[in-house]
Structures are given as C-alpha cells and as structure tokens.
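Enquirer: Structure in structure tokens, see below.
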Amino acid sequence: MKGSLGSRAHRFILLFIGLVAMFSACAKKGPDPLQALTKYDVIWDSPSRDAWGTMPTGNGDIGLNVWVEESGDLMFYIGKTDLWDDNGRLLKLGRVRFKISPNPYLQSRRFLQTLRLRDATVEVRYGEGEGLVRAQTWVDAYHPVIHVVVDGGRPLDVNAAIEVWRTAPYELPTIEVSDVHFDQGIPGSQHFPTIVEPDTVLTGQEGRIGWYHHNKKSVGPALSAELQDMQGFAQADPILNRTFGAVITADGAKKIDDLNLLSPMARSHHFEIYVLTRHPSAPQEWLQAVDETAAALRKTPFVRRLQAHRSRWEEFWRRSWIDVASTLPSDDTYVLSRAYNLQRFINACAGRGAYPIKFNGSIFTVPNPGSPGDADYRRWGPGYWWQNTRLPYMSMCTSGDFDLLEPLYQMYLGDVLEMAKYRTQRYFGHAGAYLNECVYFWGAAFNESYGWTPREKRTVVENESRWHRWEWQGGIELLHMMLDHYEHTLDEVLLGEKLLPFAHEILTFYDVHYPVDESGKIVMEPVQALETWWDCRNPMPEIAGILAVTERLLALAGDKVGEEEKALWERLHMKMPDLPTREVEGRKMLAPAEKFSTKSNLENPELYAVFPYRRVALGRPGIELAVEALSHRLDRGNFGWRQEDIFMAYLGLAEDARQYIVGRAKAKHEGSRFPAFWGPNYDWVPDQDHGGVLLKALQAMLMQADGRKILLLPAWPKDWDVDFKLNAPYKTILSGRVEQGKITELSVRPASRKNDVLILAF
C-alpha cells in the first residue's frame with residue numbers, strides 16, 4: 001500500500017496545480033431524484049423468521065422496526081429518542097402485532113414487502129388480483145402518530161395486539177457495558193442491582209388500548225452529583241416522573257380486552273397509534289396529553305396530513321443526492337449507492353428527536369440471542385461517547401440536513417456545557433469548559449469513568465478511568481463542526497447564540513489551563529491522544545483542532561466580535577506549536593503527539609490533522625507527511641468507527657478510498673436482513689458509526705471544500721459515473737453528472753461561486 005499511497009498523492013498534487021476543467025454554470029435539468037431513488041427501495045418476496053428481518057422507518061423521533069412473521073402477521077417494535085427509563089437506559093416502547101383474518105398470506109402465499117424510501121412507508125402486499133390485501137405502515141412526519149392502513153378486495157377483520165415484555169420487576173442479569181451502576185465493565189462489580197421496572201397496561205378504556213412506562217425512581221443527577229462532587233450544580237432530574245407510552249385507536253374498533261383491539265369486517269381499516277413522552281408527568285396527565293394530541297390532530301383531515309407527510313420526505317430527498325451509476329444490483333457501485341441512501345434515510349428517521357442519535361443501535365435495536373432485556377439491550381449502554389456520537393453527523397452539512405444537527409446542539413450546548421463550566425470551576429478553579437468524552441444525557445460523566453473511590457481517598461480530581469481521564473478534545477471538534485454549519489448556511493443566529501458563546505468557553509479553558517514554555521508555546525501535559533495514547537505531551541487532535549478553529553473563527557467572525565474575544569483567538573493560535581511529527585526508518589510523518597508512550601486503543605490520532613481538522617489535505621502543505629502517517633498507521637480497518645476511508649479521500653487517494661468504502665458498504669450485519677444494518681463491529685447493531693463514516697467518505701471522494709474553494713472529484717475513481725447534488729459553504733449548491741472521470745453537466749448556485757470551483761480531472 002505504501003507505494004500506491006505515495007505515488008497517488010504526488011500525482012494528485014500535480015493535477016491540482018495544472019488544473020484544466022470543462023465547466024458550465026447553467027447545466028440542463030438533471031434527473032428526478034425521486035424517480036432515481038426507487039431503485040434503492042428494499043423489496044422482499046417472503047416473510048421473515050424473526051425480528052432480525054425488520055425494515056426501519058420513522059419520522060425523526062419515533063422509529064419502527066417492521067417485519068412480517070412467517071404466520072403472515074404484521075409486526076413492529078416502537079422506538080423513540082427520549083424513552084429513558086428509571087435506570088437511564090434508552091428503551092423500546094413495546095411491540096405491536098396485526099393479525100388479518102382471513103389470513104391472506106396462508107391463502108395465497110403471494111407476498112411482497114417494500115420499504116418505499118420516497119415517503120418512508122413500509123408496504124406489504126398479500127396475494128394478487130381480486131384477492132390482493134395491502135397493508136401500509138408509516139410514522140407521520142410532523143406528528144407523534146403511527147399509521148397502519150389495511151385494504152382488501154373483500155371484507156377483513158384486523159386485530160391489533162399489544163405485546164409487552166416488561167411485565168414485572170426483574171434484576172438485569174448481565175452487564176450492559178458502561179451502564180450506570182457498573183465499574184469498568186467487570187462482571188460482578190455492581191454497586192447495586194439494576195432493577196428493570198414494569199410497564200402498565202391501560203384498563204377501563206373504551207374503543208382503544210394502550211400502555212405506558214412511568215419512572216418512579218431515578219439513577220440520574222442526584223447519584224452522579226453526589227459521587228462526582230457536583231452537588232452545587234442545580235439541575236432538575238430528567239428521569240424521575242418521566243412517562244411514555246402509546247394508545248392504539250381505529251374507527252369503529254372494538255376492544256376485545258386490554259391488549260387487543262379489533263377493527264371488524266370491512267374492506268378498509270385505519271389504525272392510529274399515538275406515541276407520547278411527557279416529563280415530568282403523572283400517568284393521568286400523560287393520558288390527558290395523549291387525548292389532547294389526538295383531538296388536535298383530528299381537526300386536520302387525514303388526506304391533508306398524508307400530503308404534508310409526503311411533501312416533507314420529498315423535500316428531504318431533493319436536498320441532495322449521490323447516485324453512482326450501476327448496471328446490476330450486484331455491482332459495487334449499486335451496493336455503495338444503496339448503502340449511502342439507506343444510511344441517510346436511517347439518520348433522518350432518528351435524527352429529529354429530543355436527543356442525539358445513539359451510535360450503538362440508534363432507535364432500531366432488536367432482540368439479540370444471548371442478551372437480556374429483549375430489544376432494550378445495547379452494548380455500551382445508555383451514554384454518549386463523543387468520538388462515536390459525532391460520526392453520524394459529519395456528513396449532514398454536505399447533504400443539507402442541517403435540521404438533524406439540532407438535537408446534537410441541544411444536548412451538548414445545554415446541560416452538558418453548563419455542567420462542564422461548573423465542573424471546570426469546581427475542579428480546577430478557573431473559567432472555561434472542557435467536555436468529557438463520556439456523558440449521560442443529563443451532562444454528567446459516566447460514574448464508572450469518574451470512579452467509585454470515596455472522595456477522601458481519590459488521587460486525581462479528574463476521571464479515575466485512564467481511558468477518559470484527559471480525553472477532552474470533543475469540545476474543539478464540536479466547535480469545528482459548528483463552524484462547518486455556519487460556513488455553509490451563514491446563519492447569524494447560529495453564530496451569535498450558539499457558536500460564539502460555545503467557542504468562548506472551550507477556548508478559554510485551553511488558554512488558561514495549560515502553561516507555556518520559554519518560547520510562548522503551549523505545553524499540554526499530562527494529556528492523552530484520544531483513548532489510544534496515554535501520558536502524552538501536545539497531542540495532535542488538540543494542536544490541529546485549536547489551530548483549525550482559531551483560524552476559521554478569525555476568518556469567519558473576526559469582524560463580529562469585540563477586541564477581547566478576537567485577542568483570545570489570536571493568542572491561542574500563536575500558542576500552538578507545529579503539528580507533531582516523527583521519523584520511522586528515516587521517513588518523516590505526522591505523529592500522534594509531541595511525546596507519546598503508552599498505547600491502549602486502536603485509533604490513529606495523528607491523522608486527525610487530515611480529518612476532521614483538515615490542516616493537511618489536498619491543496620495544503622504537508623500532504624506527504626500525512627500519506628506517510630497513513631502508510632505507517634498501527635491500526636487498520638474499514639468497519640465501525642474506523643475512519644481511514646475518510647482520511648484516504650481527503651488525501652486524494654482514489655483507489656485506496658474505493659477499496660475501503662466498497663468493502664464497508666458490503667459489510668452488513670450477517671444476522672440482519674436489511675442491507676444497511678451494520679455491526680456490531682466495536683459497538684452494536686445497527687452500528688451508526690459504520691454508516692456515518694460511509695456517508696462522509698463518499699461525499700469527500702466527490703467534493704471537498706477549503707474556505708471558499710470547492711474541489712470536485714478530489715478522490716473519485718475515473719470509471720464511476722455519478723449524478724449528484726451537494727451543499728457547499730457559503731450557501732452554495734452544486735449538482736451535475738460525471739462520466740468517465742469528467743464533469744459532463746454542472747450547475748452552481750449562486751452562479752457567482754462558479755469561479756471558486758476547481759475540477760480535479762484525470
């Protein structure tokens with residue numbers, strides 16, 4: 001690989017300098033993305049054995065895992081982004097079964113199940129001709145309601161049944177790694193048992209059925225504050241008295257019992273399932289909120305709600321696309337394009353809720369043999385690791401999915417930041433804020449990361465865990481992502497109300513926390529380079545990150561702040577030493593840190609200068625140092641959170657990036673039927689990091705931006721034809737077509753930006 005990497009990089013530099021491009025600012029109208037999208041619909045011609053055969057859909061907050069059992073019953077699990085239980089675990093709400101009588105599948109054995117991406121609907125067809133029965137399931141794009149519509153050519157009964165598994169209190173028998181009550185994932189090291197509390201099935205209802213979960217206890221802020229010496233931070237408990245559940249209704253339906261609702265003989269049936277979370281709320285208050293929600297929705301005719309739902313999804317798909325041409329479904333390019341579109345769809349189905357996307361399964365987990373808790377189990381538990389959480393979000397600016405970034409900001413710029421400011425003052429006695437790598441959704445560090453040692457016996461004020469003691473660069477990286485967002489949208493509200501206040505806290509911490517040497521350069525020690533290198537000095541992610549964000553702040557907002565704030569950016573930029581380098585067998589390359597010794601994990605922090613911080617990339621100095629670092633990386637792979645695919649794209653290594661990203665697109669979870677359920681890899685199924693890297697890598701192969709410059713085809717294989725529409729900085733949209741390595745159609749809006757586009761031709 002070493003030879004191909006080096007020669008490829010030098011070749012690309014020459015191409016960049018000697019750029020010759022064919023360009024048209026006003027291309028002819030391109031393909032209809034909605035029509036092109038249909039070839040990536042997922043279609044099955046047989047039912048599934050179990051929940052591993054599910055299709056995902058959702059509305060950004062509520063998610064469904066839909067499948068049809070071999071009996072012909074239509075089933076789905078319901079997930080939601082805010083179903084936090086008493087133990088701080090993100091649960092599934094429950095499971096629902098729809099039984100159609102007479103059974104259309106047993107009568108004909110004709111079957112077709114389709115995930116229709118255009119409107120996020122799962123459609124099941126039983127039989128054909130006059131015996132055709134069609135069942136459609138979707139989650140309203142704008143409202144907390146699931147629709148199930150069953151139509152047939154003859155009258156049918158349809159029964160909806162609630163299936164709950166949390167029916168009585170029980171102790172979680174095995175560890176959910178990094179769960180609230182455990183110490184460093186060691187079996188038997190519970191500080192107290194994790195008791196899973198039961199759901200409650202509604203009784204006394206007329207013409208409807210339902211159930212809910214109500215948190216009567218909490219392992220939230222009080223526990224972590226007591227342990228972590230944070231009692232002075234005032235915070236409402238986000239777990240206690242949280243109530244969530246669902247109510248199932250249908251016109252003319254009859255309640256058989258508290259778990260079964262029958263829609264009697266008719267040719268058409270329409271079930272609505274209202275899914276709601278309220279906090280704080282008593283169960284009766286929650287049920288009243290459900291009633292009010294249902295009454296409000298029914299004021300709008302169903303046809304109008306359906307039209308709005310479809311329009312919302314059409315708007316989503318028209319924002320951007322990458323459609324790599326293929327001849328057969330077995331082609332690498334088809335598998336890759338399908339993976340790109342399906343993963344972006346999964347992000348959209350779970351990315352508009354109250355909390356960020358969970359990297360370890362999102363809201364689409366299903367039961368795993370050998371794991372407790374039915375579909376509630378997820379390896380690595382309920383918390384948020386920044387290094388994992390960020391990856392589904394890295395592609396969203398380029399795809400134009402800016403609305404999906406809001407839950408990430410809401411959590412990290414809310415409780416997490418406020419607690420970080422208090423923690424910094426409490427622990428270190430100075431201003432600013434650092435973000436812990438691992439946090440619960442209410443902002444506290446993981447208890448097992450902080451450590452269970454009594455305060456009077458502790459030897460460090462920071463986390464006792466050496467994996468996360470000084471892993472703080474997430475604040476810099478989130479700031480860099482926000483700068484990408486602002487650079488793309490020029491949203492002054494985002495800049496003034498979120499980005500600049502956050503930048504002040506993060507950069508103030510680095511300005512005051514570390515000393516400088518005799519030359520005025522910062523000395524960050526002791527620190528670590530991600531989880532991999534412990535006991536470092538001046539790690540690459542922090543050095544590259546601070547250089548990048550301060551340079552970008554000065555360029556993008558230097559005239560929008562006072563002199564004191566601008567001086568902070570300038571001062572911190574001047575404090576940064578050069579990017580760390582090392583020599584291996586006489587060859588110089590980027591290094592993980594200025595000094596590093598103890599290797600404990602599998603990351604390549606030296607390449608953070610390439611991505612996410614883009615200090616070394618096409619058109620920038622030092623690219624040969626990055627190519628050597630990539631060639632000599634100690635850990636390799638194209639699965640899970642590994643991001644070599646992205647590094648290769650930003651270094652212009654088209655062939656290497658092709659091999660890695662195609663391999664990634666083919667690496668679905670063996671047990672899952674759905675082609676874009678990845679994992680478990682390092683995490684869980686479906687692995688959102690695996691798909692997140694795929695999205696960003698494919699985008700970066702096709703287009704990159706550096707300030708006002710837009711680079712097209714920086715790492716694009718010559719034999720891949722593609723139709724595309726992507727978002728670039730400064731409110732710019734590029735769309736066009738590539739054939740045989742050349743741009744044959746290109747539209748740039750606004751046209752004034754066309755001179756900033758550089759096409760890297762072969």
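By convention in this document, the chains of the structure tokens carry letters A, B, ... by their order, each chain's residues are numbered from 1, and ligands are numbered from 1 in the order they are shown.
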Set out as CSV a contact list for region 386-498 of chain A and region 202-225 of chain A with a cut-off of 12 Å, giving each residue of region 386-498 of chain A that qualifies its closest atom pair and distance in Å to one decimal, counting only C-alpha atoms, ordered by chain and rising residue number.
Expert:
```
residue,atom,partner,partner_atom,distance
A:Asp415,CA,A:Pro221,CA,11.0
A:Met419,CA,A:Ala225,CA,10.3
A:Tyr422,CA,A:Ala225,CA,11.7
A:Arg423,CA,A:Ala225,CA,10.5
A:Val439,CA,A:Ser224,CA,10.7
A:Tyr440,CA,A:Gly220,CA,8.6
A:Phe441,CA,A:Gly220,CA,9.3
A:Trp442,CA,A:Pro221,CA,7.1
A:Gly443,CA,A:Pro221,CA,8.6
A:Ala444,CA,A:Ser224,CA,6.6
A:Ala445,CA,A:Ser224,CA,7.8
A:Phe446,CA,A:Ser224,CA,8.0
A:Asn447,CA,A:Ser224,CA,6.4
A:Glu448,CA,A:Ser224,CA,10.1
A:Ser449,CA,A:Ser224,CA,11.1
A:Tyr450,CA,A:Ser224,CA,9.2
A:Gly451,CA,A:Ser224,CA,10.5
A:Trp452,CA,A:Ser224,CA,10.2
```
Enquirer: Can you list, as a VMD selection string, all residues belonging to region 71-312 of chain A that DSSP tags as strand (DSSP E or B)?
Expert: chain A and resid 74 to 84 90 to 101 111 to 116 121 to 126 133 to 139 145 to 163 170 to 171 195 to 196 200 to 201 208 to 214 243 to 250 254 to 257 260 to 278
Enquirer: List as a PyMOL selection string the protein and nucleic acid residues near region 169-175 of chain A, meaning an atom at most 7 Å away when only C-alpha atoms are counted, but skip any in the same chain fewer than 5 places from it.
Expert: chain A and resi 187+193-198
Enquirer: List the spatial neighbours of Lys588 (chain A) as a list in words - criterion: any atom at most 10 Å away, only C-alpha atoms, same-chain residues fewer than 3 positions off excluded.
Expert: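 Final neighbour list, sorted by chain and number: Thr581, Arg582, Glu583, Val584, Glu585, Ala591, Glu624, Leu625, Ala626, Glu628 and Ala629 of chain A.
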Enquirer: Under the rule that only C-alpha atoms are counted, which of A:Val66, A:Ile476, A:Arg116, A:Gly361 is the nearest residue to His669 (chain A)?
Expert: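 Checking each candidate against His669 (chain A), we get A:Gly361 as the closest.
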Enquirer: So, with only C-alpha atoms as the atoms that count, which of A:Trp84, A:Trp317, A:Phe244, A:Trp386 lies closest to Pro283 (chain A)?
Expert: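 Of A:Trp84, A:Trp317, A:Phe244, A:Trp386, the one nearest Pro283 (chain A) is A:Phe244, counting only C-alpha atoms.
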Enquirer: Could you state the separation of CA of Gln231 (chain A) and CA of His513 (chain A) in Å, given to one decimal place?
Expert: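 Result for CA of Gln231 (chain A) versus CA of His513 (chain A): 23.3 Å, one decimal.
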Enquirer: Go through region 265-367 of chain A and flag each residue having an atom no more than 12 Å from region 29-40 of chain A; for those, report the closest pair of atoms plus their distance in Å to one decimal, using only C-alpha atoms, ordered by chain and rising number, as CSV.
Expert:
```
residue,atom,partner,partner_atom,distance
A:Arg310,CA,A:Leu34,CA,11.6
A:Ser311,CA,A:Leu34,CA,11.6
A:Trp313,CA,A:Leu34,CA,9.9
A:Glu314,CA,A:Leu34,CA,7.3
A:Glu315,CA,A:Leu34,CA,9.9
A:Phe316,CA,A:Leu34,CA,10.2
A:Trp317,CA,A:Leu34,CA,7.0
A:Arg318,CA,A:Pro33,CA,6.5
A:Arg319,CA,A:Pro33,CA,9.5
A:Ser320,CA,A:Pro33,CA,8.6
A:Trp321,CA,A:Pro33,CA,7.2
A:Ile322,CA,A:Pro33,CA,9.3
A:Asp323,CA,A:Ala36,CA,7.9
A:Val324,CA,A:Ala36,CA,10.6
A:Ala325,CA,A:Ala36,CA,10.3
A:Ser326,CA,A:Lys39,CA,10.6
A:Thr327,CA,A:Lys39,CA,11.3
A:Leu328,CA,A:Lys39,CA,10.7
A:Pro329,CA,A:Lys39,CA,9.0
A:Thr333,CA,A:Tyr40,CA,12.0
A:Tyr334,CA,A:Tyr40,CA,8.5
A:Val335,CA,A:Tyr40,CA,9.2
A:Leu336,CA,A:Tyr40,CA,10.5
A:Ser337,CA,A:Tyr40,CA,8.0
A:Arg338,CA,A:Tyr40,CA,5.4
A:Ala339,CA,A:Tyr40,CA,8.7
A:Tyr340,CA,A:Tyr40,CA,9.8
A:Asn341,CA,A:Tyr40,CA,7.4
A:Leu342,CA,A:Tyr40,CA,7.7
A:Gln343,CA,A:Tyr40,CA,11.3
A:Phe345,CA,A:Tyr40,CA,10.9
```
Enquirer: Running DSSP on the backbone, which parts of region 454-594 of chain A land in alpha helix (DSSP H), as an MDAnalysis selection string?
Expert: chainID A and resid 474:489 492:493 500:513 540:557 563:575
Enquirer: Report as JSON, numbers by chain all protein, DNA and RNA residues lying within 10 Å of Val461 (chain A), evaluated on only C-alpha atoms, omitting residues in the same chain fewer than 4 positions from it.
Expert: {"A": [228, 229, 426, 427, 428, 450, 455, 469]}
Enquirer: Could you turn the residues from that selection into a file that holds C-alpha atoms, as a tab-separated table (two decimals), in the first residue's frame?
Expert:
```tsv
chain	number	residue	atom	x	y	z
A	228	GLN	CA	-18.64	13.46	41.37
A	229	ASP	CA	-18.65	16.36	43.84
A	426	ARG	CA	-15.14	23.38	40.78
A	427	TYR	CA	-12.26	21.06	39.90
A	428	PHE	CA	-9.65	23.50	38.61
A	450	TYR	CA	-15.21	9.19	37.17
A	455	ARG	CA	-13.66	11.37	47.67
A	469	ARG	CA	-9.11	10.99	32.15
```
Enquirer: Check the smallest atom-to-atom distance from each of A:Gln387, A:Thr365, A:Thr459, A:Ser330 to Lys666 (chain A) using only C-alpha atoms, then report the winner.
Expert: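 Checking each candidate against Lys666 (chain A), we get A:Ser330 as the closest.
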Enquirer: If you take only C-alpha atoms and a cut-off of 9 Å, which residues of region 458-567 of chain A touch region 394-402 of chain A, and what are their nearest atom pairs and distances in Å to one decimal, in chain and number order, as a Markdown table?
Expert:
```
| residue | atom | partner | partner_atom | distance |
| --- | --- | --- | --- | --- |
| A:Met481 | CA | A:Met394 | CA | 7.5 |
| A:Asp484 | CA | A:Cys397 | CA | 7.1 |
| A:His485 | CA | A:Cys397 | CA | 6.1 |
| A:His488 | CA | A:Cys397 | CA | 6.9 |
| A:Thr489 | CA | A:Phe402 | CA | 8.8 |
```
Enquirer: With the cut-off set at 10 Å and counting only C-alpha atoms, tabulate each residue of region 58-85 of chain A with an atom at most that distance from an atom of region 127-148 of chain A, showing the nearest atom pair and its distance in Å to one decimal, ordered by chain and increasing number, as a Markdown table.
Expert:
```
| residue | atom | partner | partner_atom | distance |
| --- | --- | --- | --- | --- |
| A:Gly58 | CA | A:Val139 | CA | 5.3 |
| A:Asn59 | CA | A:Ala141 | CA | 4.7 |
| A:Gly60 | CA | A:Ala141 | CA | 7.6 |
| A:Asp61 | CA | A:Pro144 | CA | 8.2 |
| A:Ile62 | CA | A:Val139 | CA | 7.2 |
| A:Gly63 | CA | A:Val139 | CA | 7.6 |
| A:Leu64 | CA | A:Val139 | CA | 8.1 |
| A:Val66 | CA | A:Thr137 | CA | 8.3 |
| A:Leu74 | CA | A:Ala135 | CA | 8.4 |
| A:Phe76 | CA | A:Thr137 | CA | 9.5 |
| A:Ile78 | CA | A:Ile146 | CA | 9.4 |
```
Enquirer: Based on the selection just made, write N, CA and C atoms of those residues as an mmCIF file, in the first residue's frame.
Expert:
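Saved the output as out_4.cif:
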```cif
data_model
loop_
_atom_site.group_PDB
_atom_site.id
_atom_site.type_symbol
_atom_site.label_atom_id
_atom_site.label_comp_id
_atom_site.auth_asym_id
_atom_site.auth_seq_id
_atom_site.Cartn_x
_atom_site.Cartn_y
_atom_site.Cartn_z
ATOM 1 N N GLY A 58 -39.415 5.773 10.207
ATOM 2 C CA GLY A 58 -39.629 6.676 11.326
ATOM 3 C C GLY A 58 -39.867 8.090 10.857
ATOM 4 N N ASN A 59 -40.006 8.993 11.822
ATOM 5 C CA ASN A 59 -40.239 10.406 11.494
ATOM 6 C C ASN A 59 -39.188 11.331 12.075
ATOM 7 N N GLY A 60 -38.079 10.773 12.538
ATOM 8 C CA GLY A 60 -37.034 11.576 13.151
ATOM 9 C C GLY A 60 -37.013 11.470 14.658
ATOM 10 N N ASP A 61 -38.144 11.103 15.249
ATOM 11 C CA ASP A 61 -38.251 10.942 16.698
ATOM 12 C C ASP A 61 -38.761 9.557 17.065
ATOM 13 N N ILE A 62 -39.770 9.100 16.353
ATOM 14 C CA ILE A 62 -40.357 7.779 16.565
ATOM 15 C C ILE A 62 -39.859 6.864 15.456
ATOM 16 N N GLY A 63 -39.362 5.689 15.837
ATOM 17 C CA GLY A 63 -38.855 4.746 14.849
ATOM 18 C C GLY A 63 -39.537 3.402 14.971
ATOM 19 N N LEU A 64 -39.681 2.722 13.850
ATOM 20 C CA LEU A 64 -40.289 1.395 13.817
ATOM 21 C C LEU A 64 -39.324 0.389 13.208
ATOM 22 N N VAL A 66 -40.107 -2.876 11.352
ATOM 23 C CA VAL A 66 -41.300 -3.527 10.803
ATOM 24 C C VAL A 66 -40.913 -4.848 10.140
ATOM 25 N N LEU A 74 -48.335 -8.955 10.646
ATOM 26 C CA LEU A 74 -47.528 -7.738 10.533
ATOM 27 C C LEU A 74 -47.160 -7.286 11.935
ATOM 28 N N PHE A 76 -44.295 -4.761 14.530
ATOM 29 C CA PHE A 76 -43.202 -3.794 14.639
ATOM 30 C C PHE A 76 -42.899 -3.475 16.094
ATOM 31 N N ILE A 78 -41.575 -0.384 18.495
ATOM 32 C CA ILE A 78 -41.634 1.075 18.515
ATOM 33 C C ILE A 78 -40.469 1.596 19.347
#
```
Enquirer: Return the single residue from A:Val757, A:Leu530, A:Val164, A:Leu90 that is closest to Pro382 (chain A), with distances computed using only C-alpha atoms.
Expert: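 Distance minimum relative to Pro382 (chain A) lands on A:Leu90.
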Enquirer: Which neighbours of Asp45 (chain A) fall inside 12 Å, counting only C-alpha atoms, when residues of the same chain fewer than 5 positions from it are skipped, and could you give them as a VMD selection string?
Expert: chain A and resid 68 70 105 109 to 114 123 to 127
